[in-house]
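Shown here: run.tsv, TSV, C-alpha atoms.
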chain	number	residue	atom	x	y	z
A	1	MET	CA	50.90	-121.30	-56.77
A	2	LEU	CA	49.86	-118.52	-59.09
A	3	GLN	CA	47.11	-120.70	-60.50
A	4	VAL	CA	45.72	-121.23	-57.02
A	5	THR	CA	45.75	-117.47	-56.34
A	6	ARG	CA	43.93	-116.69	-59.55
A	7	SER	CA	41.36	-119.37	-58.91
A	8	LYS	CA	40.66	-117.90	-55.48
A	9	ALA	CA	40.31	-114.43	-56.94
A	10	THR	CA	37.97	-115.54	-59.69
A	11	PHE	CA	35.95	-117.57	-57.22
A	12	SER	CA	35.58	-114.65	-54.81
A	13	SER	CA	34.45	-112.32	-57.61
A	14	LEU	CA	31.96	-114.86	-58.92
A	15	ALA	CA	30.71	-115.60	-55.41
A	16	LEU	CA	29.99	-111.93	-54.82
A	17	ALA	CA	28.31	-111.71	-58.21
A	18	SER	CA	26.12	-114.69	-57.44
A	19	VAL	CA	25.18	-113.31	-54.01
A	20	PHE	CA	24.04	-110.03	-55.51
A	21	GLY	CA	22.98	-111.54	-58.82
A	22	ILE	CA	19.34	-111.91	-57.90
A	23	GLY	CA	17.32	-109.08	-59.34
A	24	LEU	CA	19.82	-107.89	-61.92
A	25	ALA	CA	18.81	-104.59	-63.40
A	26	GLN	CA	20.19	-101.48	-65.07
A	27	ALA	CA	23.56	-100.20	-63.87
A	28	ASN	CA	25.70	-97.11	-64.27
A	29	GLU	CA	27.61	-98.01	-67.43
A	30	ARG	CA	31.30	-97.36	-67.78
A	31	HIS	CA	32.93	-97.52	-71.19
A	32	PHE	CA	36.53	-97.36	-69.97
A	33	GLY	CA	38.52	-99.32	-67.43
A	34	PHE	CA	40.78	-96.59	-66.08
A	35	ALA	CA	39.17	-93.32	-67.21
A	36	TYR	CA	36.00	-92.21	-65.43
A	37	GLU	CA	32.90	-90.65	-66.97
A	38	THR	CA	30.80	-87.93	-65.38
A	39	ALA	CA	27.44	-89.73	-65.04
A	40	THR	CA	26.04	-90.11	-61.52
A	41	LEU	CA	23.41	-92.55	-60.30
A	42	PRO	CA	19.95	-91.08	-59.71
A	43	VAL	CA	18.88	-90.62	-56.08
A	44	GLY	CA	18.02	-93.96	-54.50
A	45	ALA	CA	19.66	-96.10	-57.19
A	46	LYS	CA	22.23	-98.61	-55.93
A	47	GLU	CA	24.66	-100.88	-57.66
A	48	VAL	CA	27.63	-103.16	-57.15
A	49	GLU	CA	30.81	-103.04	-59.21
A	50	LEU	CA	33.42	-105.78	-59.02
A	51	TRP	CA	36.92	-104.90	-60.14
A	52	THR	CA	39.87	-107.11	-60.88
A	53	THR	CA	43.09	-105.48	-62.07
A	54	SER	CA	45.97	-107.67	-63.14
A	55	SER	CA	49.42	-106.04	-63.16
A	56	MET	CA	52.13	-108.24	-64.65
A	57	GLY	CA	55.81	-108.02	-65.49
A	58	ARG	CA	58.55	-106.16	-63.65
A	59	ASP	CA	62.33	-106.50	-63.69
A	60	GLN	CA	61.85	-109.77	-61.84
A	61	TYR	CA	58.77	-111.96	-61.98
A	62	TYR	CA	55.80	-110.04	-60.61
A	63	SER	CA	52.08	-110.59	-60.81
A	64	LYS	CA	49.48	-108.71	-58.80
A	65	LEU	CA	45.73	-109.20	-58.78
A	66	LYS	CA	44.02	-106.27	-57.12
A	67	HIS	CA	40.35	-106.64	-56.30
A	68	ARG	CA	37.73	-104.13	-55.34
A	69	ALA	CA	34.11	-104.68	-54.42
A	70	GLU	CA	32.30	-101.39	-54.78
A	71	PHE	CA	28.86	-100.42	-53.53
A	72	GLU	CA	27.57	-97.28	-55.28
A	73	PHE	CA	24.49	-95.22	-54.51
A	74	GLY	CA	22.83	-92.01	-55.62
A	75	LEU	CA	23.15	-89.53	-52.74
A	76	ALA	CA	21.45	-86.44	-54.16
A	77	LYS	CA	20.63	-85.03	-57.55
A	78	TYR	CA	23.85	-85.28	-59.57
A	79	VAL	CA	25.82	-86.52	-56.54
A	80	MET	CA	26.73	-90.14	-55.88
A	81	GLY	CA	28.82	-91.93	-53.30
A	82	ALA	CA	30.52	-95.29	-53.02
A	83	PHE	CA	32.32	-97.58	-50.59
A	84	TYR	CA	34.99	-100.07	-51.58
A	85	LEU	CA	36.50	-103.14	-50.02
A	86	ASN	CA	40.03	-103.68	-51.33
A	87	TRP	CA	42.15	-106.80	-51.28
A	88	SER	CA	44.93	-108.25	-53.41
A	89	ASN	CA	47.15	-111.20	-54.21
A	90	VAL	CA	50.79	-110.72	-55.21
A	91	THR	CA	53.26	-113.26	-56.53
A	92	ALA	CA	56.80	-111.93	-56.85
A	93	TYR	CA	60.35	-113.20	-57.10
A	94	ASP	CA	62.22	-112.47	-53.86
A	95	GLY	CA	65.66	-113.29	-55.23
A	96	ALA	CA	65.44	-116.96	-54.52
A	97	ASP	CA	61.89	-118.10	-55.03
A	98	LEU	CA	58.42	-117.02	-56.04
A	99	VAL	CA	56.54	-115.81	-52.99
A	100	THR	CA	52.80	-115.32	-52.91
A	101	SER	CA	51.04	-113.08	-50.45
A	102	SER	CA	47.35	-112.34	-50.18
A	103	GLY	CA	45.82	-109.72	-48.02
A	104	TRP	CA	43.38	-107.10	-47.06
A	105	ASP	CA	44.30	-103.64	-48.42
A	106	GLY	CA	41.71	-101.57	-46.62
A	107	ILE	CA	38.59	-99.59	-47.40
A	108	SER	CA	37.87	-96.57	-49.59
A	109	ALA	CA	35.05	-94.13	-50.03
A	110	GLU	CA	34.31	-91.82	-52.92
A	111	VAL	CA	31.96	-89.00	-53.78
A	112	LYS	CA	31.31	-87.74	-57.30
A	113	ALA	CA	29.42	-84.58	-58.20
A	114	GLN	CA	28.37	-83.97	-61.79
A	115	LEU	CA	28.49	-80.32	-62.79
A	116	THR	CA	27.32	-80.63	-66.40
A	117	ASP	CA	25.73	-83.53	-68.28
A	118	PRO	CA	27.54	-84.58	-71.49
A	119	SER	CA	24.31	-85.44	-73.32
A	120	ILE	CA	22.64	-82.08	-72.87
A	121	SER	CA	25.59	-79.70	-72.36
A	122	PRO	CA	28.50	-78.79	-74.64
A	123	ILE	CA	30.75	-80.87	-72.38
A	124	GLY	CA	30.21	-83.06	-69.32
A	125	SER	CA	32.15	-82.28	-66.16
A	126	ALA	CA	32.38	-83.67	-62.65
A	127	LEU	CA	34.52	-83.54	-59.52
A	128	TYR	CA	35.57	-86.74	-57.79
A	129	LEU	CA	37.13	-87.33	-54.38
A	130	GLU	CA	38.29	-90.67	-53.02
A	131	LEU	CA	39.69	-91.43	-49.57
A	132	GLY	CA	41.45	-94.71	-48.89
A	133	TYR	CA	42.42	-96.11	-45.51
A	134	GLY	CA	44.65	-99.15	-45.36
A	135	THR	CA	46.46	-101.00	-42.61
A	136	ASP	CA	49.44	-98.65	-42.78
A	137	ALA	CA	48.64	-95.91	-45.29
A	138	PHE	CA	46.10	-93.23	-46.00
A	139	GLU	CA	45.36	-92.05	-49.54
A	140	VAL	CA	43.52	-89.07	-50.97
A	141	GLU	CA	42.68	-88.91	-54.65
A	142	GLY	CA	41.01	-86.04	-56.47
A	143	LYS	CA	39.91	-86.01	-60.09
A	144	VAL	CA	38.53	-83.55	-62.55
A	145	LEU	CA	36.40	-85.52	-65.00
A	146	LEU	CA	35.39	-84.39	-68.47
A	147	ASP	CA	33.45	-86.27	-71.12
A	148	LYS	CA	31.59	-85.64	-74.32
A	149	LYS	CA	29.26	-87.55	-76.62
A	150	VAL	CA	29.48	-86.80	-80.31
A	151	GLY	CA	27.09	-89.03	-82.22
A	152	ASP	CA	28.16	-92.59	-81.49
A	153	TRP	CA	31.54	-91.51	-80.12
A	154	LEU	CA	32.28	-90.98	-76.44
A	155	PHE	CA	35.37	-89.07	-75.31
A	156	ALA	CA	36.66	-88.79	-71.74
A	157	ALA	CA	39.52	-87.02	-70.02
A	158	ASN	CA	40.56	-87.13	-66.36
A	159	ILE	CA	43.15	-85.10	-64.50
A	160	VAL	CA	44.06	-86.91	-61.31
A	161	GLY	CA	46.06	-85.88	-58.26
A	162	GLU	CA	46.85	-88.43	-55.58
A	163	GLY	CA	48.66	-88.28	-52.24
A	164	GLU	CA	49.67	-91.09	-49.94
A	165	TRP	CA	50.64	-90.86	-46.30
A	166	GLU	CA	52.22	-93.73	-44.46
A	167	ALA	CA	51.81	-94.37	-40.74
A	168	GLY	CA	55.11	-94.13	-38.87
A	169	LEU	CA	55.11	-95.21	-35.24
A	170	GLU	CA	56.76	-92.51	-33.13
A	171	ASN	CA	56.77	-94.46	-29.91
A	172	HIS	CA	56.56	-98.21	-29.66
A	173	SER	CA	55.51	-98.46	-26.04
A	174	ALA	CA	51.96	-99.71	-25.88
A	175	ALA	CA	50.90	-97.06	-23.35
A	176	ASP	CA	51.54	-93.93	-25.38
A	177	ARG	CA	52.05	-95.07	-28.90
A	178	GLU	CA	51.77	-92.15	-31.26
A	179	VAL	CA	51.16	-92.54	-34.95
A	180	LYS	CA	52.70	-89.91	-37.19
A	181	TRP	CA	51.45	-89.77	-40.72
A	182	GLU	CA	54.36	-89.24	-43.06
A	183	THR	CA	54.02	-88.24	-46.65
A	184	GLU	CA	55.04	-91.15	-48.82
A	185	GLU	CA	54.43	-90.22	-52.42
A	186	ALA	CA	52.24	-88.20	-54.71
A	187	ALA	CA	51.08	-88.92	-58.23
A	188	LEU	CA	49.73	-86.92	-61.11
A	189	GLU	CA	47.78	-88.77	-63.76
A	190	LEU	CA	46.20	-87.88	-67.05
A	191	ASN	CA	43.70	-90.22	-68.71
A	192	LEU	CA	42.41	-89.74	-72.23
A	193	ALA	CA	39.94	-92.16	-73.77
A	194	ALA	CA	37.65	-92.56	-76.75
A	195	ALA	CA	35.10	-95.26	-77.55
A	196	TYR	CA	32.70	-95.96	-80.40
A	197	ASP	CA	29.23	-97.32	-79.72
A	198	PHE	CA	28.56	-100.10	-82.23
A	199	GLY	CA	24.99	-100.56	-81.00
A	200	ASN	CA	23.42	-103.58	-79.30
A	201	GLY	CA	25.44	-102.77	-76.18
A	202	PHE	CA	28.89	-103.17	-77.72
A	203	SER	CA	31.47	-100.43	-77.64
A	204	ALA	CA	35.21	-100.45	-78.24
A	205	GLY	CA	37.87	-97.83	-78.01
A	206	VAL	CA	41.29	-96.86	-76.81
A	207	GLU	CA	42.66	-95.52	-73.52
A	208	PHE	CA	45.82	-93.57	-72.78
A	209	MET	CA	47.29	-93.03	-69.31
A	210	ASN	CA	50.20	-90.80	-68.32
A	211	GLN	CA	51.29	-91.27	-64.71
A	212	GLU	CA	53.97	-89.32	-62.87
A	213	ILE	CA	55.05	-90.38	-59.39
A	214	TYR	CA	56.80	-87.97	-57.06
A	215	THR	CA	58.60	-89.00	-53.89
A	216	GLN	CA	59.63	-86.77	-51.03
A	217	GLU	CA	63.27	-86.68	-50.02
A	218	ASN	CA	64.73	-84.06	-47.68
A	219	ASP	CA	61.52	-81.99	-47.87
A	220	ALA	CA	61.79	-81.78	-51.65
A	221	TRP	CA	59.57	-83.51	-54.15
A	222	ASP	CA	61.44	-85.39	-56.88
A	223	LEU	CA	59.93	-86.89	-60.00
A	224	SER	CA	60.50	-90.60	-59.58
A	225	THR	CA	58.87	-92.05	-62.69
A	226	ALA	CA	56.86	-90.82	-65.66
A	227	THR	CA	55.14	-93.59	-67.55
A	228	PHE	CA	52.67	-94.01	-70.39
A	229	HIS	CA	50.15	-96.73	-71.07
A	230	LEU	CA	48.04	-97.15	-74.18
A	231	GLY	CA	45.65	-99.93	-75.12
A	232	PRO	CA	42.20	-101.10	-76.18
A	233	THR	CA	39.00	-101.12	-74.16
A	234	PHE	CA	35.82	-103.12	-74.77
A	235	THR	CA	32.40	-102.89	-73.15
A	236	TYR	CA	29.27	-104.97	-73.37
A	237	ALA	CA	26.17	-103.58	-71.69
A	238	SER	CA	22.92	-105.49	-71.46
A	239	LYS	CA	19.78	-104.04	-69.94
A	240	SER	CA	20.64	-105.68	-66.65
A	241	TRP	CA	24.44	-105.59	-66.33
A	242	TRP	CA	27.62	-104.51	-68.05
A	243	LEU	CA	31.27	-105.45	-68.20
A	244	ASN	CA	34.39	-103.72	-69.40
A	245	LEU	CA	37.78	-105.16	-70.29
A	246	THR	CA	40.73	-102.82	-70.73
A	247	VAL	CA	44.27	-103.89	-71.57
A	248	LEU	CA	47.01	-101.28	-71.08
A	249	PRO	CA	50.56	-102.23	-72.06
A	250	GLN	CA	53.27	-99.81	-70.95
A	251	LEU	CA	54.93	-97.58	-73.55
A	252	PRO	CA	58.55	-96.38	-73.26
A	253	ALA	CA	58.74	-94.18	-70.16
A	254	ALA	CA	59.81	-90.54	-70.09
A	255	LYS	CA	61.53	-91.24	-66.80
A	256	SER	CA	62.15	-94.63	-65.32
A	257	GLU	CA	63.99	-96.26	-62.47
A	258	GLY	CA	66.50	-98.72	-63.87
A	259	GLU	CA	68.05	-98.94	-67.30
A	260	SER	CA	65.06	-100.27	-69.25
A	261	VAL	CA	63.09	-98.01	-71.57
A	262	LEU	CA	60.07	-99.15	-69.54
A	263	ASP	CA	59.76	-98.43	-65.85
A	264	LEU	CA	59.68	-101.92	-64.42
A	265	GLN	CA	60.39	-101.12	-60.78
A	266	ASP	CA	57.25	-99.20	-59.84
A	267	HIS	CA	55.09	-100.17	-62.82
A	268	GLU	CA	54.31	-103.29	-64.78
A	269	ARG	CA	54.57	-104.15	-68.47
A	270	LEU	CA	50.87	-104.84	-68.68
A	271	GLN	CA	47.79	-103.81	-66.74
A	272	THR	CA	44.48	-105.48	-67.46
A	273	ARG	CA	41.25	-104.48	-65.76
A	274	LEU	CA	37.94	-106.30	-65.77
A	275	LEU	CA	34.86	-104.54	-64.42
A	276	LEU	CA	31.50	-106.21	-63.86
A	277	SER	CA	28.52	-104.26	-62.59
A	278	PHE	CA	24.86	-104.70	-61.84
A	279	HIS	CA	22.07	-102.83	-60.11
A	280	LEU	CA	20.66	-103.83	-56.76
B	281	MET	CA	68.73	-94.02	-62.10
B	282	LYS	CA	68.01	-92.98	-65.66
B	283	SER	CA	66.78	-89.39	-65.62
B	284	VAL	CA	65.12	-87.71	-68.56
B	285	ALA	CA	63.22	-84.98	-66.80
B	286	PRO	CA	63.05	-82.55	-69.78
B	287	ALA	CA	61.38	-85.27	-71.85
B	288	SER	CA	58.90	-85.77	-69.06
B	289	ARG	CA	58.05	-82.09	-69.01
B	290	PHE	CA	57.74	-82.15	-72.78
B	291	THR	CA	55.44	-85.16	-72.84
B	292	ARG	CA	53.36	-83.79	-69.98
B	293	GLY	CA	53.07	-80.49	-71.82
B	294	LEU	CA	52.14	-82.35	-74.98
B	295	SER	CA	49.51	-84.41	-73.13
B	296	LEU	CA	47.95	-81.34	-71.52
B	297	ALA	CA	48.02	-79.46	-74.84
B	298	ALA	CA	46.26	-82.39	-76.53
B	299	LEU	CA	43.72	-82.40	-73.69
B	300	ALA	CA	43.09	-78.64	-73.97
B	301	LEU	CA	42.78	-78.86	-77.75
B	302	GLY	CA	40.43	-81.84	-77.49
B	303	VAL	CA	38.23	-80.14	-74.87
B	304	ALA	CA	38.04	-76.96	-76.95
B	305	ALA	CA	37.20	-78.87	-80.13
B	306	LEU	CA	34.65	-81.16	-78.49
B	307	SER	CA	32.88	-78.42	-76.56
B	308	GLY	CA	32.20	-76.79	-79.93
B	309	CYS	CA	30.46	-79.93	-81.24
B	310	SER	CA	26.69	-80.11	-81.14
B	311	VAL	CA	24.94	-81.44	-78.05
B	312	ASN	CA	23.97	-85.09	-78.45
B	313	VAL	CA	20.46	-84.82	-77.05
B	314	PRO	CA	19.59	-81.13	-77.53
B	315	PRO	CA	16.79	-79.51	-75.54
B	316	PRO	CA	13.47	-79.09	-77.34
B	317	THR	CA	12.59	-75.78	-78.99
B	318	GLU	CA	9.29	-74.06	-79.77
B	319	ASN	CA	9.22	-76.05	-83.05
B	320	TYR	CA	8.83	-79.27	-81.06
B	321	ALA	CA	5.72	-77.86	-79.34
B	322	LEU	CA	4.30	-76.68	-82.69
B	323	TYR	CA	4.96	-80.13	-84.16
B	324	ALA	CA	3.12	-81.74	-81.24
B	325	GLN	CA	0.15	-79.40	-81.72
B	326	ASP	CA	0.07	-80.22	-85.47
B	327	HIS	CA	-0.24	-83.86	-84.46
B	328	GLY	CA	-3.07	-83.32	-82.00
B	329	GLN	CA	-0.98	-83.09	-78.81
B	330	ASN	CA	-1.39	-79.90	-76.85
B	331	LEU	CA	2.05	-79.84	-75.25
B	332	GLU	CA	3.67	-76.70	-73.91
B	333	LEU	CA	7.38	-76.17	-74.49
B	334	SER	CA	7.87	-76.00	-70.71
B	335	ARG	CA	6.51	-79.56	-70.39
B	336	LEU	CA	8.83	-80.81	-73.13
B	337	LEU	CA	11.79	-79.12	-71.44
B	338	GLN	CA	10.84	-80.79	-68.15
B	339	GLY	CA	10.66	-84.16	-69.94
B	340	HIS	CA	14.05	-83.58	-71.55
B	341	ALA	CA	15.67	-82.76	-68.20
B	342	MET	CA	13.98	-85.76	-66.55
B	343	TYR	CA	15.16	-88.04	-69.38
B	344	ALA	CA	18.77	-86.84	-69.03
B	345	TYR	CA	18.77	-87.24	-65.24
B	346	SER	CA	16.82	-90.46	-64.78
B	347	CYS	CA	18.17	-92.39	-67.77
B	348	GLY	CA	21.61	-90.83	-68.32
B	349	GLY	CA	22.79	-91.77	-64.84
B	350	CYS	CA	22.72	-95.44	-65.76
B	351	HIS	CA	23.47	-95.64	-69.49
B	352	SER	CA	24.32	-93.56	-72.54
B	353	LEU	CA	21.26	-91.60	-73.57
B	354	ARG	CA	19.69	-92.88	-76.78
B	355	ARG	CA	19.08	-90.12	-79.28
B	356	PRO	CA	15.31	-89.56	-79.58
B	357	ALA	CA	15.30	-90.29	-83.34
B	358	LYS	CA	16.89	-93.71	-82.75
B	359	TYR	CA	13.39	-95.13	-82.18
B	360	SER	CA	10.13	-94.16	-83.85
B	361	PRO	CA	7.38	-92.36	-81.88
B	362	GLY	CA	5.51	-95.67	-81.74
B	363	GLU	CA	8.50	-97.58	-80.36
B	364	TRP	CA	9.38	-95.24	-77.46
B	365	PRO	CA	6.44	-96.13	-75.17
B	366	LYS	CA	7.44	-99.80	-75.39
B	367	HIS	CA	11.07	-99.05	-74.45
B	368	LEU	CA	9.97	-96.80	-71.60
B	369	ALA	CA	7.64	-99.48	-70.28
B	370	GLU	CA	10.57	-101.92	-70.26
B	371	MET	CA	12.76	-99.47	-68.37
B	372	ARG	CA	10.15	-98.15	-65.95
B	373	GLU	CA	10.81	-100.62	-63.16
B	374	LYS	CA	14.56	-100.82	-63.68
B	375	ALA	CA	14.97	-97.05	-63.60
B	376	GLU	CA	12.62	-96.82	-60.60
B	377	LEU	CA	10.68	-94.08	-62.39
B	378	LYS	CA	7.74	-92.63	-60.51
B	379	ALA	CA	4.29	-92.72	-62.08
B	380	ASP	CA	4.24	-88.99	-62.83
B	381	GLN	CA	7.69	-89.07	-64.47
B	382	ILE	CA	6.83	-91.54	-67.23
B	383	PRO	CA	4.33	-89.30	-69.12
B	384	LEU	CA	6.77	-86.36	-68.96
B	385	ILE	CA	9.63	-88.35	-70.47
B	386	GLN	CA	7.33	-90.08	-72.97
B	387	ASP	CA	5.83	-86.80	-74.21
B	388	TYR	CA	9.32	-85.42	-74.80
B	389	LEU	CA	10.71	-88.54	-76.50
B	390	VAL	CA	7.68	-89.20	-78.71
B	391	THR	CA	7.53	-85.56	-79.82
B	392	ALA	CA	11.29	-85.27	-80.32
B	393	SER	CA	11.45	-88.52	-82.27
B	394	GLY	CA	8.62	-87.48	-84.59
B	395	TYR	CA	9.91	-83.96	-85.08
B	396	LEU	CA	13.53	-84.96	-85.67
B	397	ARG	CA	12.65	-87.87	-87.98
B	398	ASP	CA	10.22	-85.78	-90.02
B	399	SER	CA	12.70	-82.89	-90.21
B	400	THR	CA	15.44	-85.20	-91.46
B	401	ALA	CA	13.10	-86.79	-94.02
B	402	ALA	CA	11.96	-83.35	-95.23
B	403	ALA	CA	15.55	-82.16	-95.55
B	404	LYS	CA	16.50	-85.25	-97.57
B	405	LYS	CA	13.47	-84.82	-99.80
B	406	ALA	CA	14.35	-81.17	-100.44
B	407	GLU	CA	17.94	-82.13	-101.19
B	408	ASN	CA	16.88	-84.76	-103.74
B	409	SER	CA	14.14	-82.75	-105.43
B	410	PRO	CA	15.06	-81.35	-108.87
B	411	LYS	CA	16.00	-77.67	-108.73
B	412	ASN	CA	14.56	-75.26	-111.25
Show me the file's structure as structure tokens.
Amino acid sequence: MLQVTRSKATFSSLALASVFGIGLAQANERHFGFAYETATLPVGAKEVELWTTSSMGRDQYYSKLKHRAEFEFGLAKYVMGAFYLNWSNVTAYDGADLVTSSGWDGISAEVKAQLTDPSISPIGSALYLELGYGTDAFEVEGKVLLDKKVGDWLFAANIVGEGEWEAGLENHSAADREVKWETEEAALELNLAAAYDFGNGFSAGVEFMNQEIYTQENDAWDLSTATFHLGPTFTYASKSWWLNLTVLPQLPAAKSEGESVLDLQDHERLQTRLLLSFHL
Amino acid sequence: MKSVAPASRFTRGLSLAALALGVAALSGCSVNVPPPTENYALYAQDHGQNLELSRLLQGHAMYAYSCGGCHSLRRPAKYSPGEWPKHLAEMREKAELKADQIPLIQDYLVTASGYLRDSTAAAKKAENSPKN
């Protein structure tokens, strides 16, 4: 069953790539899978980014493939925007059997404004805002992005704040159904990353991610989990396209749900992200 | 539920301290593609190119904006002055550069490449020359 799900996912990504593959050209390179850099597309430039993130291993069998198809465009000088289509496939153990579900997760939009350019300023900086709207939840994510080039080294740091609101139906009668958005959870995230440019389009490095999830109970915010991920990242960039592969295994958590040193209820043992991008 | 909140605060503090230290250290490092100075313009004039510093600064800014949005900026000395026009010609269509932008970027890159390469060579020569 899992094999079938993966095949579908790979096929859909490749199909999108082949649809847009005509006229491949330069694209906005990323050197990390989870950390963002500050560069913005020039005005008028457009590109497509295809994401696949595999999250595997919880207390019970769990495998999720999350996909995003992103359309990016330069909005103004040093400002870019993007729209995403999000969908996923999950295979998990329900206590008796492995159950696979596939579905549409919703749409997202982002805007990124670069404040300083890392190549010509002491440090690069940008602000990033992403809004996500799903079938039953609404998400807001803000990031402060920093990066710096030192010779052939690239360093990046992101401070991320994220809030999620879930739709609760106040009244179930069709005539006057009222949707009340209830706060579900909030997350704070810190990403640190470094990569070395080996030339000829190859770069490799390491990424670190610290994620803290807070849940609201009785009007008070409680720290639910605090996890760490650390792993390698690889990028190949040609003149017409680029791809990045990042593998982030989970390190022992500072706070977890359950008795394991890893948090395997809300997070997975291993996250792997593949990004493929090309210009339109 | 296993709760180790103090450790979380400690690790978060440690992460933010590492971030602050890293940002402070890195912001002190030299800029990767520094803006041209008056020496660049003098170098261009010595080589028969009457280029004002203002034009070179415009070219530098255009290079950072038009090229840096899509890929890591190549340092000007990475390619020789003779090689840059060929690379720019390859990128012209892909970067959707306008006709008046190419000469600006090319003037900056060709001048910067020549100046930086010659400066490095002169410094090495001075370093290796016997001292009296």
Review point. Quick one: distance from atom CA of Gln114 of chain A to atom CA of Glu49 of chain A in Å, one decimal?
Key: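 Separation of atom CA of Gln114 of chain A and atom CA of Glu49 of chain A: 19.4 Å.
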**Study point:** A:Lys112, A:Arg58, A:Lys77, A:His229 ranked by distance to chain B, top pick (using all atoms listed in the file)
**Key:**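 For chain B, the nearest of the candidates is A:Lys77.
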Practice item. Do a neighbour search on segment 324-339 of chain B at 7 Å with only C-alpha atoms, toss out local chain neighbours closer than 2 positions, and write the hits as a list of chain:residue names. Key: B:Pro315, B:Pro316, B:Thr317, B:Glu318, B:Tyr320, B:Ala321, B:Leu322, B:Ala341, B:Met342, B:Tyr343, B:Leu384, B:Ile385, B:Asp387, B:Tyr388, B:Thr391
Check your understanding: Within 6 Å of (34.2, -89.4, -68.0), only C-alpha atoms: residues as a ChimeraX atom specification?
Key -> /A:36-38,145-147,156
Practice item. Select, counting all atoms listed in the file, all protein, DNA and RNA residues no farther than 12 Å from (32.7, -102.7, -65.5) in file coordinates, and express the selection as a PyMOL selection string. Key: chain A and resi 27-36+47-53+68-70+233-238+241-246+273-279
Exercise for review: Could you check which of A:Phe198, A:Tyr62, A:Tyr78, A:Tyr133 is closest to chain B, using only C-alpha atoms?
Suggested key: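 Comparing A:Phe198, A:Tyr62, A:Tyr78, A:Tyr133 against chain B, the winner is A:Tyr78.
Straight-line separation from atom CA of Leu230 of chain A to atom CA of Ser352 of chain B: 24.0 Å.
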**Study point:** Interatomic distance, atom CA of Glu257 of chain A to atom CA of Val144 of chain A (Å, one decimal)
**Key:**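 These two atoms are separated by 28.5 Å.
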Check your understanding: What residues in chain A have any atom no more than 8 Å from chain B when counting all atoms listed in the file, and can you write them as a VMD selection string?
Key -> chain A and resid 25 to 29 39 to 42 45 78 117 to 123 148 to 151 157 190 192 210 223 226 254 to 259
Review point. Ile382 of chain B: which residues within 8 Å, counting only C-alpha atoms, same-chain residues fewer than 5 positions away excluded, as a ChimeraX atom specification?
Key: /B:368,372,377
Review point. Excluding same-chain residues fewer than 2 positions from Gly362 of chain B, what lies within 10 Å of it counting only C-alpha atoms, as number ranges by chain?
Key: B: 359-360, 364-367, 390, 393-394
Practice item. Just the residues within 7 Å of segment 82-92 of chain A, please, counting all atoms listed in the file, with nothing from its chain fewer than 5 positions along; format it as a list in words. Key: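 Near neighbours after the sequence-gap exclusion: Leu2, Thr5, Tyr61, Tyr62, Ser63, Lys64, Leu65, Lys66, His67, Arg68, Ala69, Glu70, Phe71, Glu72, Phe73, Leu98, Val99, Thr100, Ser101, Ser102, Gly103, Trp104, Asp105, Gly106, Ile107, Ser108, Ala109, Glu110 and Val111 of chain A.
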**Study point:** Residue contacts of Asp222 of chain A (12 Å, only C-alpha atoms) excluding same-chain residues fewer than 4 positions away, as a PyMOL selection string
**Key:** (chain A and resi 184-187+212-218+226+255) or (chain B and resi 283+285)
Please produce a file of those selected residues containing C-alpha atoms, as an mmCIF file, in the frame of the given file.
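File produced: again-v2.cif:
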data_model
loop_
_atom_site.group_PDB
_atom_site.id
_atom_site.type_symbol
_atom_site.label_atom_id
_atom_site.label_comp_id
_atom_site.auth_asym_id
_atom_site.auth_seq_id
_atom_site.Cartn_x
_atom_site.Cartn_y
_atom_site.Cartn_z
ATOM 1 C CA GLU A 184 55.040 -91.150 -48.820
ATOM 2 C CA GLU A 185 54.430 -90.220 -52.420
ATOM 3 C CA ALA A 186 52.240 -88.200 -54.710
ATOM 4 C CA ALA A 187 51.080 -88.920 -58.230
ATOM 5 C CA GLU A 212 53.970 -89.320 -62.870
ATOM 6 C CA ILE A 213 55.050 -90.380 -59.390
ATOM 7 C CA TYR A 214 56.800 -87.970 -57.060
ATOM 8 C CA THR A 215 58.600 -89.000 -53.890
ATOM 9 C CA GLN A 216 59.630 -86.770 -51.030
ATOM 10 C CA GLU A 217 63.270 -86.680 -50.020
ATOM 11 C CA ASN A 218 64.730 -84.060 -47.680
ATOM 12 C CA ALA A 226 56.860 -90.820 -65.660
ATOM 13 C CA LYS A 255 61.530 -91.240 -66.800
ATOM 14 C CA SER B 283 66.780 -89.390 -65.620
ATOM 15 C CA ALA B 285 63.220 -84.980 -66.800
#
Find the smallest box with edges along x, y and z containing every listed atom of segment 295-300 of chain B, then add 3 Å on each side and report centre and edge lengths in Å to one decimal, as JSON.
{"center_x": 46.3, "center_y": -81.5, "center_z": -74.0, "size_x": 12.4, "size_y": 11.8, "size_z": 11.0}
Revision key, fill the gap. Nearest to Tyr93 of chain A, restricted to all atoms listed in the file and choosing among A:Ser125, A:Gln265, A:Ser203, A:Gln60, comes out as A:Gln60
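With distances restricted to only C-alpha atoms, A:Asp59 is the closest residue to Gly95 of chain A from A:Trp221, A:Gly44, A:Tyr196, A:Asp59.
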